[in-house]
>>> print(open('data_26.pdb').read())   # PDB, C-alpha atoms
ATOM      1  CA  MET I   1       1.591  13.169  11.172
ATOM      2  CA  ALA I   2       2.860  13.180   7.573
ATOM      3  CA  ARG I   3       5.588  15.707   8.446
ATOM      4  CA  LYS I   4       6.844  13.537  11.303
ATOM      5  CA  ILE I   5       6.823  10.387   9.170
ATOM      6  CA  GLY I   6       8.548  12.136   6.256
ATOM      7  CA  LYS I   7      11.466  13.074   8.486
ATOM      8  CA  GLN I   8      12.057   9.361   9.179
ATOM      9  CA  MET I   9      11.912   8.238   5.547
ATOM     10  CA  GLY I  10      13.774   8.645   2.310
ATOM     11  CA  PRO I  11      15.516   9.464   0.207
ATOM     12  CA  PHE I  12      13.495   8.210  -2.744
ATOM     13  CA  ASP I  13      14.349   7.978  -6.422
ATOM     14  CA  CYS I  14      10.705   8.316  -7.421
ATOM     15  CA  ILE I  15       7.542   9.540  -5.684
ATOM     16  CA  LEU I  16       4.210   8.420  -7.132
ATOM     17  CA  THR I  17       0.691   9.287  -6.012
ATOM     18  CA  SER I  18      -2.826   8.741  -7.178
ATOM     19  CA  GLN I  19      -4.645  11.641  -8.817
ATOM     20  CA  ILE I  20      -6.720  12.114  -5.689
ATOM     21  CA  PRO I  21      -5.492  15.356  -4.080
ATOM     22  CA  ARG I  22      -4.966  14.007  -0.556
ATOM     23  CA  THR I  23      -2.119  11.730  -1.735
ATOM     24  CA  VAL I  24      -0.271  14.673  -3.287
ATOM     25  CA  GLU I  25      -0.941  16.739  -0.168
ATOM     26  CA  THR I  26       0.449  13.930   1.998
ATOM     27  CA  ALA I  27       3.613  13.617  -0.121
ATOM     28  CA  LEU I  28       4.181  17.370   0.090
ATOM     29  CA  ALA I  29       3.545  17.392   3.854
ATOM     30  CA  MET I  30       6.105  14.578   4.153
ATOM     31  CA  GLY I  31       8.596  16.861   2.433
ATOM     32  CA  PHE I  32       8.682  15.079  -0.936
ATOM     33  CA  ALA I  33       8.001  16.415  -4.408
ATOM     34  CA  VAL I  34       5.740  14.228  -6.525
ATOM     35  CA  ASP I  35       7.270  12.883  -9.734
ATOM     36  CA  GLU I  36       4.098  11.453 -11.257
ATOM     37  CA  GLN I  37       0.420  10.893 -10.535
ATOM     38  CA  TRP I  38      -1.040   7.625 -11.771
ATOM     39  CA  GLU I  39      -4.811   7.337 -11.986
ATOM     40  CA  ALA I  40      -4.750   3.595 -11.255
ATOM     41  CA  LEU I  41      -3.201   4.226  -7.808
ATOM     42  CA  GLY I  42      -6.564   5.670  -6.776
ATOM     43  CA  ALA I  43      -9.019   3.680  -8.883
ATOM     44  CA  ILE I  44     -11.299   1.135  -7.258
ATOM     45  CA  PRO I  45     -13.670  -0.481  -9.761
ATOM     46  CA  ALA I  46     -17.330  -0.802  -8.705
ATOM     47  CA  GLU I  47     -16.980  -4.588  -8.919
ATOM     48  CA  VAL I  48     -14.391  -4.480  -6.118
ATOM     49  CA  PHE I  49     -16.913  -2.763  -3.845
ATOM     50  CA  GLU I  50     -19.363  -5.548  -4.721
ATOM     51  CA  GLU I  51     -16.785  -8.149  -3.591
ATOM     52  CA  ILE I  52     -15.370  -6.516  -0.463
ATOM     53  CA  GLY I  53     -17.641  -3.602   0.351
ATOM     54  CA  HIS I  54     -16.497  -0.153   1.354
ATOM     55  CA  GLN I  55     -15.716  -0.117   5.084
ATOM     56  CA  GLU I  56     -16.323  -3.793   5.876
ATOM     57  CA  ARG I  57     -12.607  -4.567   6.005
ATOM     58  CA  TRP I  58     -12.464  -2.836   9.397
ATOM     59  CA  THR I  59     -14.690  -5.568  10.853
ATOM     60  CA  TRP I  60     -12.800  -8.554   9.417
ATOM     61  CA  ALA I  61     -10.967 -10.642  12.041
ATOM     62  CA  ALA I  62      -7.936 -11.120   9.766
ATOM     63  CA  PRO I  63      -8.253  -8.546   6.967
ATOM     64  CA  PHE I  64      -5.128  -9.444   4.997
ATOM     65  CA  ARG I  65      -6.059 -13.117   5.074
ATOM     66  CA  THR I  66      -9.564 -12.150   3.915
ATOM     67  CA  PHE I  67      -8.081 -10.096   1.073
ATOM     68  CA  ALA I  68      -6.020 -13.166   0.101
ATOM     69  CA  GLU I  69      -9.143 -15.357   0.120
ATOM     70  CA  VAL I  70     -11.065 -12.879  -2.048
ATOM     71  CA  ILE I  71      -8.092 -12.548  -4.414
ATOM     72  CA  SER I  72      -7.867 -16.338  -4.742
ATOM     73  CA  ARG I  73     -11.329 -16.265  -6.401
ATOM     74  CA  ASP I  74      -9.819 -14.331  -9.340
ATOM     75  CA  GLY I  75     -12.514 -11.669  -9.457
ATOM     76  CA  ALA I  76     -12.354  -7.879  -9.568
ATOM     77  CA  THR I  77     -10.256  -7.527  -6.399
ATOM     78  CA  ALA I  78      -7.705  -9.998  -7.799
ATOM     79  CA  HIS I  79      -7.539  -8.029 -11.043
ATOM     80  CA  MET I  80      -7.040  -4.783  -9.100
ATOM     81  CA  GLY I  81      -4.295  -6.443  -7.041
ATOM     82  CA  LYS I  82      -2.535  -7.733 -10.155
ATOM     83  CA  HIS I  83      -2.767  -4.295 -11.756
ATOM     84  CA  GLN I  84      -1.214  -2.711  -8.655
ATOM     85  CA  GLN I  85       1.551  -5.310  -8.678
ATOM     86  CA  ALA I  86       2.320  -4.499 -12.319
ATOM     87  CA  LEU I  87       2.403  -0.774 -11.562
ATOM     88  CA  TRP I  88       4.663  -1.242  -8.557
ATOM     89  CA  VAL I  89       7.062  -3.363 -10.606
ATOM     90  CA  LYS I  90       7.025  -0.765 -13.395
ATOM     91  CA  ALA I  91       7.903   1.943 -10.864
ATOM     92  CA  LEU I  92      10.719  -0.104  -9.349
ATOM     93  CA  GLU I  93      12.146  -0.998 -12.727
ATOM     94  CA  SER I  94      12.250   2.713 -13.625
ATOM     95  CA  VAL I  95      14.800   3.512 -10.907
ATOM     96  CA  PRO I  96      18.403   2.362 -10.489
ATOM     97  CA  THR I  97      19.109  -1.077  -9.005
ATOM     98  CA  ASN I  98      18.475  -0.884  -5.248
ATOM     99  CA  GLY I  99      16.559   2.353  -5.841
ATOM    100  CA  ASN I 100      13.675   3.408  -3.635
ATOM    101  CA  VAL I 101      10.151   4.289  -4.692
ATOM    102  CA  LEU I 102       7.453   5.838  -2.511
ATOM    103  CA  ILE I 103       3.895   5.176  -3.644
ATOM    104  CA  LEU I 104       1.020   6.952  -1.927
ATOM    105  CA  SER I 105      -2.306   5.302  -2.562
ATOM    106  CA  HIS I 106      -5.469   4.301  -0.719
ATOM    107  CA  GLY I 107      -7.026   1.647   1.455
ATOM    108  CA  ARG I 108      -8.178  -1.530  -0.279
ATOM    109  CA  ILE I 109      -5.870  -0.693  -3.215
ATOM    110  CA  ILE I 110      -2.722  -1.063  -1.126
ATOM    111  CA  GLU I 111      -3.902  -4.192   0.683
ATOM    112  CA  ALA I 112      -4.968  -5.911  -2.559
ATOM    113  CA  GLY I 113      -1.662  -5.035  -4.234
ATOM    114  CA  LEU I 114       0.387  -6.156  -1.248
ATOM    115  CA  VAL I 115      -1.352  -9.517  -0.874
ATOM    116  CA  THR I 116      -0.905 -10.086  -4.611
ATOM    117  CA  CYS I 117       2.816  -9.258  -4.434
ATOM    118  CA  VAL I 118       3.575 -11.622  -1.542
ATOM    119  CA  PRO I 119       1.000 -14.436  -1.769
ATOM    120  CA  ASP I 120       2.959 -16.880   0.412
ATOM    121  CA  GLU I 121       3.057 -14.691   3.541
ATOM    122  CA  ASP I 122       1.233 -15.578   6.774
ATOM    123  CA  PHE I 123      -1.448 -12.875   6.600
ATOM    124  CA  SER I 124      -3.268 -14.033   9.724
ATOM    125  CA  ARG I 125      -0.855 -12.138  11.988
ATOM    126  CA  TRP I 126      -0.700  -8.856  10.054
ATOM    127  CA  GLY I 127      -3.432  -7.090  11.995
ATOM    128  CA  ALA I 128      -5.765  -4.340  10.853
ATOM    129  CA  PRO I 129      -5.934  -2.813   7.392
ATOM    130  CA  PHE I 130      -3.735   0.237   6.936
ATOM    131  CA  HIS I 131      -4.784   3.512   8.542
ATOM    132  CA  HIS I 132      -3.800   6.940   7.238
ATOM    133  CA  CYS I 133      -0.027   7.271   6.783
ATOM    134  CA  GLU I 134       0.542   3.536   7.241
ATOM    135  CA  GLY I 135       1.852   1.167   4.621
ATOM    136  CA  VAL I 136       4.543  -1.300   3.774
ATOM    137  CA  ARG I 137       8.230  -1.365   2.934
ATOM    138  CA  MET I 138       9.574  -4.284   0.943
ATOM    139  CA  LYS I 139      12.404  -5.179  -1.350
ATOM    140  CA  TYR I 140      12.188  -6.218  -4.965
ATOM    141  CA  HIS I 141      14.913  -8.475  -6.273
ATOM    142  CA  GLU I 142      15.054 -10.744  -9.322
ATOM    143  CA  GLY I 143      11.325 -10.400  -9.981
ATOM    144  CA  ARG I 144      10.196 -11.065  -6.400
ATOM    145  CA  PHE I 145       9.019  -8.950  -3.510
ATOM    146  CA  THR I 146      10.693  -9.893  -0.230
ATOM    147  CA  ASP I 147      11.445  -8.602   3.268
ATOM    148  CA  VAL I 148       7.952  -7.297   3.976
ATOM    149  CA  GLN I 149       7.846  -4.765   6.789
ATOM    150  CA  LEU I 150       4.477  -3.319   7.750
ATOM    151  CA  LEU I 151       4.817   0.337   8.707
ATOM    152  CA  ARG I 152       2.376   1.126  11.497
ATOM    153  CA  ILE I 153       2.043   4.461  13.251
ATOM    154  CA  GLU I 154       2.860   2.858  16.608
ATOM    155  CA  GLU I 155       6.013   1.233  15.226
ATOM    156  CA  LEU I 156       7.177   4.588  13.871
ATOM    157  CA  HIS I 157       7.073   5.798  17.496
ATOM    158  CA  LEU I 158       4.162   8.104  16.800
ATOM    159  CA  THR I 159       0.712   8.149  18.244
ATOM    160  CA  ARG I 160      -2.378   9.496  16.568
ATOM    161  CA  LYS I 161      -2.852  11.742  19.582
ATOM    162  CA  SER I 162       0.624  13.320  19.225
ATOM    163  CA  CYS I 163       0.134  14.001  15.551
TER     164      CYS I 163
END
>>> encode(input="data_26.pdb", output="structure tokens")
Amino acid sequence: MARKIGKQMGPFDCILTSQIPRTVETALAMGFAVDEQWEALGAIPAEVFEEIGHQERWTWAAPFRTFAEVISRDGATAHMGKHQQALWVKALESVPTNGNVLILSHGRIIEAGLVTCVPDEDFSRWGAPFHHCEGVRMKYHEGRFTDVQLLRIEELHLTRKSC
């Protein structure tokens, strides 16, 4: 699946992964060399599990809206989301204007970061949390994230069965 997706993406000015091997393996399978591994792209504090659980997000009726509600309480998940936002901005500011960054991370981390970056979106219609090889593409301009596009396997014209 990663090979097929990689052929549809890029080029990128910077490729970042967590230090968890499967993110590096995914980047390589996509055909991209990893520039840096950042520990925080794979770190979920124990307090986040206390707030949102481990797999519970799969049962939430509107998971992104639920992430936004949890983040509004300013607890551990909010702090993780803000940390992801800061890292994503740091990565984007390290490349040329209009540059592209690919970040490979993990469930809960990506959703918390995304909801933090675009707090005014209508999360109720975003569907399920991200599955493997799913994510988001968005623009960053003048200190704001805009033009959110969720990247779902089905919308990339792939099926889990064909991959």
>>> atom_distance(input="data_26.pdb", atom1="atom CA of Val136 of chain I", atom2="atom CA of Thr26 of chain I")
15.9 Å
>>> residues_around(input="data_26.pdb", residues="Arg125 of chain I", least_positions_apart="6", cutoff="12 Å", atoms="all atoms listed in the file", output="count of residues only")
7
>>> closest_residue(input="data_26.pdb", among="I:Glu134, I:Glu39, I:Glu111, I:Glu93", to="Val70 of chain I", atoms="all atoms listed in the file")
I:Glu111
>>> residues_around(input="data_26.pdb", residues="Met30 of chain I", least_positions_apart="5", cutoff="10 Å", atoms="all atoms listed in the file", output="number ranges by chain")
I: 1-10, 24-25, 133
>>> closest_residue(input="data_26.pdb", among="I:Gln149, I:Ser105, I:Thr77, I:Thr116", to="Ile20 of chain I", atoms="only C-alpha atoms")
I:Ser105
>>> atom_distance(input="data_26.pdb", atom1="atom CA of Arg108 of chain I", atom2="atom CA of Thr59 of chain I")
13.5 Å
>>> closest_residue(input="data_26.pdb", among="I:Ser72, I:Glu36, I:His131, I:Arg152", to="Ala91 of chain I", atoms="only C-alpha atoms")
I:Glu36
>>> atom_distance(input="data_26.pdb", atom1="atom CA of Ser94 of chain I", atom2="atom CA of Ile71 of chain I")
27.0 Å
>>> axis_aligned_box(input="data_26.pdb", around="segment 31-45 of chain I", padding_each_side="8 Å", output="lines of an AutoDock Vina configuration file")
center_x = -2.5
center_y = 8.2
center_z = -4.8
size_x = 38.4
size_y = 33.3
size_z = 30.4
>>> resolve_selection(input="data_26.pdb", expression="the PyMOL selection byres ((chain I and resi 48) around 10)", output="MDAnalysis selection string")
chainID I and resid 44:47 49:54 70 75:80 108:109
>>> resolve_selection(input="data_26.pdb", expression="the PyMOL selection byres ((chain I and resi 110) around 9)", output="JSON, numbers by chain")
{"I": [41, 81, 84, 104, 105, 106, 107, 108, 109, 111, 112, 113, 114, 115, 130, 135, 136]}
>>> residues_around(input="data_26.pdb", residues="Tyr140 of chain I", least_positions_apart="6", cutoff="12 Å", atoms="only C-alpha atoms", output="ChimeraX atom specification")
/I:85,88-93,95-101,117-118,146-148
>>> closest_residue(input="data_26.pdb", among="I:Leu102, I:Leu28, I:Ala43, I:Ala128", to="Phe12 of chain I", atoms="only C-alpha atoms")
I:Leu102
>>> closest_residue(input="data_26.pdb", among="I:Asp35, I:Asp13, I:Asp122, I:Ile103", to="Arg137 of chain I", atoms="only C-alpha atoms")
I:Ile103
>>> closest_residue(input="data_26.pdb", among="I:Ala68, I:Asp74, I:Gln19, I:Trp126", to="Val34 of chain I", atoms="all atoms listed in the file")
I:Gln19
>>> decode(input="data_26.pdb", residues="segment 13-56 of chain I", atoms="C-alpha atoms", output="PDB file, in the first residue's frame")
ATOM      1  CA  ASP I  13      11.598  19.084   0.728  1.00  0.00           C
ATOM      2  CA  CYS I  14      11.755  17.256   4.048  1.00  0.00           C
ATOM      3  CA  ILE I  15      10.685  13.809   5.274  1.00  0.00           C
ATOM      4  CA  LEU I  16      10.237  13.351   9.022  1.00  0.00           C
ATOM      5  CA  THR I  17       9.285  10.235  10.964  1.00  0.00           C
ATOM      6  CA  SER I  18       8.987   9.152  14.537  1.00  0.00           C
ATOM      7  CA  GLN I  19      11.717   6.944  15.977  1.00  0.00           C
ATOM      8  CA  ILE I  20       9.391   3.963  15.829  1.00  0.00           C
ATOM      9  CA  PRO I  21      10.715   1.722  13.032  1.00  0.00           C
ATOM     10  CA  ARG I  22       7.431   1.259  11.155  1.00  0.00           C
ATOM     11  CA  THR I  23       7.327   4.968  10.201  1.00  0.00           C
ATOM     12  CA  VAL I  24      10.807   4.777   8.671  1.00  0.00           C
ATOM     13  CA  GLU I  25       9.865   1.530   6.933  1.00  0.00           C
ATOM     14  CA  THR I  26       6.734   3.183   5.528  1.00  0.00           C
ATOM     15  CA  ALA I  27       8.689   6.198   4.230  1.00  0.00           C
ATOM     16  CA  LEU I  28      11.203   3.900   2.541  1.00  0.00           C
ATOM     17  CA  ALA I  29       8.431   1.740   1.050  1.00  0.00           C
ATOM     18  CA  MET I  30       6.861   4.947  -0.296  1.00  0.00           C
ATOM     19  CA  GLY I  31      10.149   5.645  -2.051  1.00  0.00           C
ATOM     20  CA  PHE I  32      11.333   8.488   0.197  1.00  0.00           C
ATOM     21  CA  ALA I  33      14.539   8.846   2.172  1.00  0.00           C
ATOM     22  CA  VAL I  34      14.068  10.031   5.744  1.00  0.00           C
ATOM     23  CA  ASP I  35      15.743  13.326   6.629  1.00  0.00           C
ATOM     24  CA  GLU I  36      15.172  13.203  10.382  1.00  0.00           C
ATOM     25  CA  GLN I  37      13.500  11.143  13.088  1.00  0.00           C
ATOM     26  CA  TRP I  38      11.847  13.094  15.881  1.00  0.00           C
ATOM     27  CA  GLU I  39      11.000  11.242  19.076  1.00  0.00           C
ATOM     28  CA  ALA I  40       7.965  13.446  19.764  1.00  0.00           C
ATOM     29  CA  LEU I  41       6.294  12.271  16.522  1.00  0.00           C
ATOM     30  CA  GLY I  42       5.828   8.897  18.214  1.00  0.00           C
ATOM     31  CA  ALA I  43       5.441   9.835  21.874  1.00  0.00           C
ATOM     32  CA  ILE I  44       2.087   9.478  23.589  1.00  0.00           C
ATOM     33  CA  PRO I  45       2.252  10.400  27.280  1.00  0.00           C
ATOM     34  CA  ALA I  46       0.510   8.031  29.724  1.00  0.00           C
ATOM     35  CA  GLU I  47      -1.828  10.877  30.695  1.00  0.00           C
ATOM     36  CA  VAL I  48      -3.176  10.951  27.126  1.00  0.00           C
ATOM     37  CA  PHE I  49      -4.152   7.284  27.412  1.00  0.00           C
ATOM     38  CA  GLU I  50      -5.943   8.176  30.656  1.00  0.00           C
ATOM     39  CA  GLU I  51      -7.951  10.857  28.792  1.00  0.00           C
ATOM     40  CA  ILE I  52      -8.746   9.084  25.525  1.00  0.00           C
ATOM     41  CA  GLY I  53      -7.831   5.447  26.023  1.00  0.00           C
ATOM     42  CA  HIS I  54      -5.959   3.305  23.550  1.00  0.00           C
ATOM     43  CA  GLN I  55      -8.395   1.959  20.947  1.00  0.00           C
ATOM     44  CA  GLU I  56     -11.572   3.709  22.114  1.00  0.00           C
TER      45      GLU I  56
END
